[in-house]
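Input: a single structure, listed below in structure tokens.
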Amino acid sequence: MRDKLSFDLLSEDKIKSVLHTEFLAKKVYAFWSVGSTNEFAYRRASQGEKEGILVIAEEQTKGKGRKSRQWDSPFNKGLWFSLILRPELSAAMAGIVPYLAGVSVAEAVENFLGLKPDVKWPNDLLLNGRKFCGILSEVEFENGQINFIILGIGINVNHKKDEFPQEFRAQATSLRIESDLRIDRADFLAEVLLQLEKNYSYMKQNGFEDIINKWKKRCTQFGKEIIVVQDDDKYQGVFEELDDKGCLLLRTKDGKLKKIVAGDIAF
Ligand code: BTN
């Protein structure tokens, strides 16, 4: 049995005591262990739970990554959390929310640690070329509108190098590795949620052009020659633009502009 006192646990009380937000995380479900915070939040949202609810866990036993990949979510090392959002946006705009999340986490890291993360399409955050944060948003639509979005964010915070599974070690990093500091996860979570709330409110008032522009500035592949992998297909070209729904526009060798909705950029 783990000794609870020897860990800095993310309890509901601890989280609420450090938050500076107005509407995000006013209700918190904090788990010691859960399958997936996204799945729990999705079930709650389907039952009518309101916007802003935070679901967070010390460990996920079935953490979900994009494309049905597994997301490694070890106990007490990271921030594994999901938010229920109910933006009044048309269905086509659902693709913008992950960019909003990426920019917000990057800004939080910059404010909290003075490090400058890059973003990699579609929604990875990197430090020194290694991934420390992934975003998985899942959307439910109703009559052509968004009913709710589950915004799932996984951040590797206090892992040491040898605490990553061998197969991820070359590509993964944590905030601790990059900053040489053991990070107070509750304080850092509060900063992430504050930036998210600011950017989300700004986007609702002013549209998402500025968010997309901030994202593009952090994207080192933007404007460069890239290879996009989509299932069994590969496309080569210049990353020319992100459209207003968050799709990647690739200028291929034949001069055509190819719209890519989903995929990964190969390094
Ligand atoms: C990716 O890069 O593949 C996305 C990873 C998203 C992981 C987070 S951790 C919290 C939330 N719950 C999940 O099951 N997944 C997301």
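Convention: chains lettered A, B, ... in structure tokens order; per-chain residue numbering from 1; ligands numbered from 1 as shown.
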
(request) Dump the neighbourhood of ligand 1 as an MDAnalysis selection string: all residues within 6 Å, distances computed on only C-alpha atoms and all ligand atoms. (result) chainID A and resid 36:38 63:66 71 80:82 124 134:136 152:154

Writing out the chosen residues with all heavy atoms as a tab-separated table (two decimals), in the first residue's frame:
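File again_26.tsv, as written:
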```tsv
chain	number	residue	atom	x	y	z
A	36	SER	N	-9.14	6.21	-18.03
A	36	SER	CA	-8.77	7.37	-18.85
A	36	SER	C	-9.62	8.56	-18.40
A	36	SER	O	-10.84	8.43	-18.30
A	36	SER	CB	-9.04	7.05	-20.33
A	36	SER	OG	-9.28	8.22	-21.06
A	37	THR	N	-8.97	9.68	-18.13
A	37	THR	CA	-9.74	10.87	-17.73
A	37	THR	C	-10.67	11.31	-18.85
A	37	THR	O	-11.77	11.80	-18.60
A	37	THR	CB	-8.81	12.03	-17.32
A	37	THR	OG1	-7.94	12.32	-18.42
A	37	THR	CG2	-7.99	11.69	-16.08
A	38	ASN	N	-10.24	11.12	-20.12
A	38	ASN	CA	-11.13	11.49	-21.23
A	38	ASN	C	-12.41	10.66	-21.21
A	38	ASN	O	-13.49	11.16	-21.44
A	38	ASN	CB	-10.42	11.26	-22.58
A	38	ASN	CG	-9.81	12.54	-23.13
A	38	ASN	OD1	-9.32	13.36	-22.37
A	38	ASN	ND2	-9.83	12.70	-24.44
A	63	GLY	N	-4.62	5.16	-20.47
A	63	GLY	CA	-4.49	6.50	-21.05
A	63	GLY	C	-4.53	6.41	-22.58
A	63	GLY	O	-3.86	5.56	-23.17
A	64	LYS	N	-5.32	7.29	-23.19
A	64	LYS	CA	-5.51	7.21	-24.64
A	64	LYS	C	-4.71	8.30	-25.34
A	64	LYS	O	-4.78	9.47	-24.98
A	64	LYS	CB	-6.98	7.46	-25.00
A	64	LYS	CG	-7.91	6.38	-24.54
A	64	LYS	CD	-9.22	6.41	-25.32
A	64	LYS	CE	-10.03	7.67	-25.11
A	64	LYS	NZ	-11.33	7.63	-25.80
A	65	GLY	N	-3.98	7.90	-26.38
A	65	GLY	CA	-3.33	8.86	-27.24
A	65	GLY	C	-4.11	8.99	-28.53
A	65	GLY	O	-5.15	8.36	-28.70
A	66	ARG	N	-3.60	9.81	-29.45
A	66	ARG	CA	-4.26	9.92	-30.74
A	66	ARG	C	-4.12	8.60	-31.49
A	66	ARG	O	-3.22	7.82	-31.23
A	66	ARG	CB	-3.62	11.04	-31.57
A	66	ARG	CG	-3.92	12.43	-31.06
A	66	ARG	CD	-3.53	13.50	-32.06
A	66	ARG	NE	-2.18	13.31	-32.54
A	66	ARG	CZ	-1.87	13.00	-33.81
A	66	ARG	NH1	-2.79	12.86	-34.72
A	66	ARG	NH2	-0.61	12.83	-34.16
A	71	TRP	N	-1.31	6.06	-24.09
A	71	TRP	CA	-0.56	7.19	-23.52
A	71	TRP	C	-0.04	6.76	-22.16
A	71	TRP	O	-0.83	6.49	-21.25
A	71	TRP	CB	-1.47	8.43	-23.41
A	71	TRP	CG	-0.75	9.61	-22.84
A	71	TRP	CD1	-0.79	10.04	-21.55
A	71	TRP	CD2	0.14	10.50	-23.52
A	71	TRP	NE1	0.00	11.15	-21.39
A	71	TRP	CE2	0.59	11.45	-22.58
A	71	TRP	CE3	0.62	10.59	-24.84
A	71	TRP	CZ2	1.48	12.48	-22.92
A	71	TRP	CZ3	1.50	11.62	-25.16
A	71	TRP	CH2	1.91	12.54	-24.22
A	80	TRP	N	-2.29	14.45	-15.94
A	80	TRP	CA	-3.16	13.71	-16.86
A	80	TRP	C	-4.57	14.19	-16.58
A	80	TRP	O	-5.14	13.84	-15.54
A	80	TRP	CB	-3.06	12.19	-16.66
A	80	TRP	CG	-1.72	11.66	-16.24
A	80	TRP	CD1	-1.45	10.92	-15.13
A	80	TRP	CD2	-0.47	11.79	-16.92
A	80	TRP	NE1	-0.11	10.60	-15.07
A	80	TRP	CE2	0.52	11.12	-16.15
A	80	TRP	CE3	-0.07	12.41	-18.11
A	80	TRP	CZ2	1.86	11.06	-16.53
A	80	TRP	CZ3	1.27	12.36	-18.47
A	80	TRP	CH2	2.20	11.69	-17.70
A	81	PHE	N	-5.10	15.03	-17.46
A	81	PHE	CA	-6.40	15.62	-17.13
A	81	PHE	C	-7.24	15.91	-18.37
A	81	PHE	O	-6.73	15.98	-19.49
A	81	PHE	CB	-6.23	16.89	-16.28
A	81	PHE	CG	-5.56	18.04	-16.99
A	81	PHE	CD1	-6.32	19.05	-17.58
A	81	PHE	CD2	-4.19	18.14	-17.05
A	81	PHE	CE1	-5.71	20.12	-18.22
A	81	PHE	CE2	-3.56	19.21	-17.68
A	81	PHE	CZ	-4.33	20.20	-18.26
A	82	SER	N	-8.55	16.07	-18.11
A	82	SER	CA	-9.51	16.38	-19.17
A	82	SER	C	-10.46	17.45	-18.69
A	82	SER	O	-10.81	17.49	-17.51
A	82	SER	CB	-10.33	15.13	-19.54
A	82	SER	OG	-9.48	14.06	-19.85
A	124	ASP	N	1.37	18.34	-30.81
A	124	ASP	CA	2.37	17.92	-29.82
A	124	ASP	C	3.15	19.15	-29.37
A	124	ASP	O	3.34	20.08	-30.14
A	124	ASP	CB	3.39	16.96	-30.45
A	124	ASP	CG	2.78	15.64	-30.84
A	124	ASP	OD1	1.65	15.35	-30.41
A	124	ASP	OD2	3.43	14.90	-31.60
A	134	GLY	N	0.97	15.94	-24.97
A	134	GLY	CA	0.10	15.54	-26.08
A	134	GLY	C	-1.34	15.93	-25.75
A	134	GLY	O	-1.71	16.05	-24.57
A	135	ILE	N	-2.11	16.15	-26.80
A	135	ILE	CA	-3.48	16.65	-26.62
A	135	ILE	C	-4.43	15.76	-27.42
A	135	ILE	O	-4.17	15.45	-28.58
A	135	ILE	CB	-3.56	18.12	-27.12
A	135	ILE	CG1	-2.72	19.00	-26.19
A	135	ILE	CG2	-5.00	18.61	-27.18
A	135	ILE	CD1	-2.31	20.32	-26.77
A	136	LEU	N	-5.49	15.36	-26.76
A	136	LEU	CA	-6.49	14.52	-27.43
A	136	LEU	C	-7.85	15.13	-27.19
A	136	LEU	O	-8.36	15.11	-26.07
A	136	LEU	CB	-6.45	13.10	-26.86
A	136	LEU	CG	-7.50	12.13	-27.42
A	136	LEU	CD1	-7.21	11.81	-28.89
A	136	LEU	CD2	-7.52	10.83	-26.61
A	152	GLY	N	-8.48	16.60	-23.64
A	152	GLY	CA	-7.58	15.80	-22.80
A	152	GLY	C	-6.14	16.26	-23.01
A	152	GLY	O	-5.68	16.39	-24.15
A	153	ILE	N	-5.45	16.49	-21.90
A	153	ILE	CA	-4.06	16.98	-21.99
A	153	ILE	C	-3.18	16.10	-21.11
A	153	ILE	O	-3.50	15.85	-19.94
A	153	ILE	CB	-3.98	18.46	-21.53
A	153	ILE	CG1	-4.91	19.33	-22.39
A	153	ILE	CG2	-2.54	18.97	-21.58
A	153	ILE	CD1	-4.87	20.82	-22.09
A	154	GLY	N	-2.11	15.64	-21.68
A	154	GLY	CA	-1.14	14.85	-20.92
A	154	GLY	C	0.21	15.57	-20.93
A	154	GLY	O	0.74	15.87	-22.00
```

Shell of 10 Å around stretch 163-177 of chain A, only C-alpha atoms, local chain residues under 5 positions omitted, as a compact mmCIF listing (two decimals) with N, CA and C atoms, in the first residue's frame:
```
# COMPACT_ATOMS: atom_id res chain seq x y z
N ASP A 72 1.26 6.68 -22.03
CA ASP A 72 1.88 6.24 -20.79
C ASP A 72 1.65 7.29 -19.70
N SER A 73 0.96 6.90 -18.61
CA SER A 73 0.53 7.87 -17.59
C SER A 73 0.88 7.37 -16.19
N PRO A 74 2.18 7.30 -15.87
CA PRO A 74 2.57 6.70 -14.58
C PRO A 74 2.16 7.54 -13.38
N LYS A 77 3.67 11.30 -11.68
CA LYS A 77 4.77 11.90 -12.45
C LYS A 77 4.31 13.07 -13.31
N GLY A 78 3.05 13.01 -13.75
CA GLY A 78 2.65 14.00 -14.74
C GLY A 78 1.35 14.69 -14.40
N VAL A 109 4.13 27.03 -19.76
CA VAL A 109 5.52 26.58 -19.55
C VAL A 109 6.47 27.78 -19.58
N LEU A 113 8.40 28.44 -16.21
CA LEU A 113 9.78 27.94 -16.18
C LEU A 113 10.74 28.75 -17.05
N LEU A 115 10.99 28.42 -20.18
CA LEU A 115 11.39 27.62 -21.36
C LEU A 115 10.42 27.92 -22.50
N LEU A 126 6.89 20.30 -27.82
CA LEU A 126 8.25 19.79 -27.74
C LEU A 126 9.18 20.77 -27.04
N LEU A 127 10.18 20.21 -26.36
CA LEU A 127 11.30 21.00 -25.85
C LEU A 127 12.57 20.30 -26.33
N ASN A 128 13.46 21.06 -26.92
CA ASN A 128 14.68 20.48 -27.50
C ASN A 128 14.36 19.30 -28.42
N GLY A 129 13.29 19.42 -29.19
CA GLY A 129 12.94 18.39 -30.17
C GLY A 129 12.28 17.16 -29.59
N ARG A 130 12.04 17.14 -28.29
CA ARG A 130 11.41 15.95 -27.67
C ARG A 130 10.04 16.32 -27.12
N LYS A 131 9.13 15.33 -27.21
CA LYS A 131 7.74 15.60 -26.83
C LYS A 131 7.55 15.53 -25.31
N PHE A 132 6.89 16.54 -24.76
CA PHE A 132 6.55 16.47 -23.34
C PHE A 132 5.04 16.60 -23.11
N CYS A 133 4.28 16.92 -24.15
CA CYS A 133 2.84 17.09 -23.96
C CYS A 133 2.09 16.65 -25.20
N ILE A 155 0.74 15.87 -19.74
CA ILE A 155 2.03 16.59 -19.67
C ILE A 155 3.01 15.78 -18.80
N ASN A 156 4.15 15.45 -19.40
CA ASN A 156 5.20 14.78 -18.62
C ASN A 156 5.88 15.84 -17.76
N VAL A 157 5.71 15.75 -16.45
CA VAL A 157 6.20 16.82 -15.58
C VAL A 157 7.47 16.40 -14.83
N ASN A 158 7.35 15.41 -13.95
CA ASN A 158 8.49 15.13 -13.05
C ASN A 158 9.22 13.82 -13.36
N ARG A 182 12.42 20.05 -9.82
CA ARG A 182 11.24 19.24 -9.49
C ARG A 182 10.07 20.20 -9.39
N ILE A 183 9.02 19.91 -10.15
CA ILE A 183 7.96 20.91 -10.31
C ILE A 183 6.76 20.62 -9.43
```

(request) Can you work out the spacing between atom CA of A:Val34 and atom CA of A:Gln60 in Å, to one decimal? (result)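 The value is 5.0 Å.
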
(message) What's around A:Arg251 at 6 Å? Count only C-alpha atoms, leave out sequence neighbours fewer than 5 positions away in its own chain, and write the answer as a list in words.
(response)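 Final neighbour list, sorted by chain and number: Gly237, Val238, Lys256 and Leu257 of chain A.
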
Rows by chain and residue number, stretch 135-253 of chain A within 12 Å of stretch 91-98 of chain A, shortest pair, only C-alpha atoms, as CSV:
```
residue,atom,partner,partner_atom,distance
A:Ile135,CA,A:Pro98,CA,6.5
A:Leu136,CA,A:Pro98,CA,7.4
A:Ser137,CA,A:Pro98,CA,6.5
A:Glu138,CA,A:Ala94,CA,9.0
A:Val139,CA,A:Ala94,CA,7.2
A:Glu140,CA,A:Ala91,CA,9.0
A:Phe141,CA,A:Ala91,CA,6.6
A:Glu142,CA,A:Ala91,CA,8.5
A:Asn143,CA,A:Ala91,CA,8.9
A:Gly144,CA,A:Ala91,CA,5.5
A:Gln145,CA,A:Ala91,CA,4.8
A:Ile146,CA,A:Ala91,CA,5.3
A:Asn147,CA,A:Ala91,CA,8.9
A:Phe148,CA,A:Ala94,CA,9.5
A:Ile149,CA,A:Ala94,CA,7.8
A:Ile150,CA,A:Val97,CA,9.9
A:Leu151,CA,A:Pro98,CA,7.5
A:Gly152,CA,A:Pro98,CA,9.1
A:Ile153,CA,A:Pro98,CA,9.3
A:Leu196,CA,A:Val97,CA,10.2
A:Asn199,CA,A:Val97,CA,10.2
A:Tyr200,CA,A:Val97,CA,8.5
A:Met203,CA,A:Val97,CA,9.7
A:Lys204,CA,A:Val97,CA,11.2
A:Gly207,CA,A:Ile96,CA,10.3
A:Phe208,CA,A:Ile96,CA,7.6
A:Glu209,CA,A:Ile96,CA,9.9
A:Asp210,CA,A:Ile96,CA,11.6
A:Ile211,CA,A:Ile96,CA,8.8
A:Ile212,CA,A:Ile96,CA,8.1
A:Asn213,CA,A:Ile96,CA,11.9
A:Trp215,CA,A:Pro98,CA,10.4
A:Leu242,CA,A:Ile96,CA,10.2
A:Asp243,CA,A:Ile96,CA,9.8
A:Asp244,CA,A:Met93,CA,7.9
A:Lys245,CA,A:Met93,CA,5.4
A:Gly246,CA,A:Ile96,CA,5.5
A:Cys247,CA,A:Gly95,CA,7.8
A:Leu248,CA,A:Gly95,CA,11.1
```

(request) Run DSSP on the backbone and give me the residues of stretch 16-251 of chain A it puts in alpha helix (DSSP H), as a count of residues only. (result) 67

(request) Report the residues of stretch 35-244 of chain A whose backbone DSSP state falls under strand (DSSP E or B), written as JSON, numbers by chain. (result) {"A": [54, 55, 56, 57, 58, 59, 60, 64, 70, 78, 79, 80, 81, 82, 83, 84, 85, 90, 118, 119, 120, 124, 125, 126, 127, 130, 131, 132, 133, 134, 135, 136, 137, 138, 139, 140, 141, 142, 145, 146, 147, 148, 149, 150, 151, 152, 153, 154, 155, 156, 172, 219, 225, 226, 227, 228, 229, 230, 233, 234, 235, 236, 237, 238, 239, 240, 241, 242]}

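Using only C-alpha atoms, the shortest contact distance between A:Lys120 and any of A:Arg185, A:Lys161, A:Arg218, A:Lys26 is found at A:Arg218.
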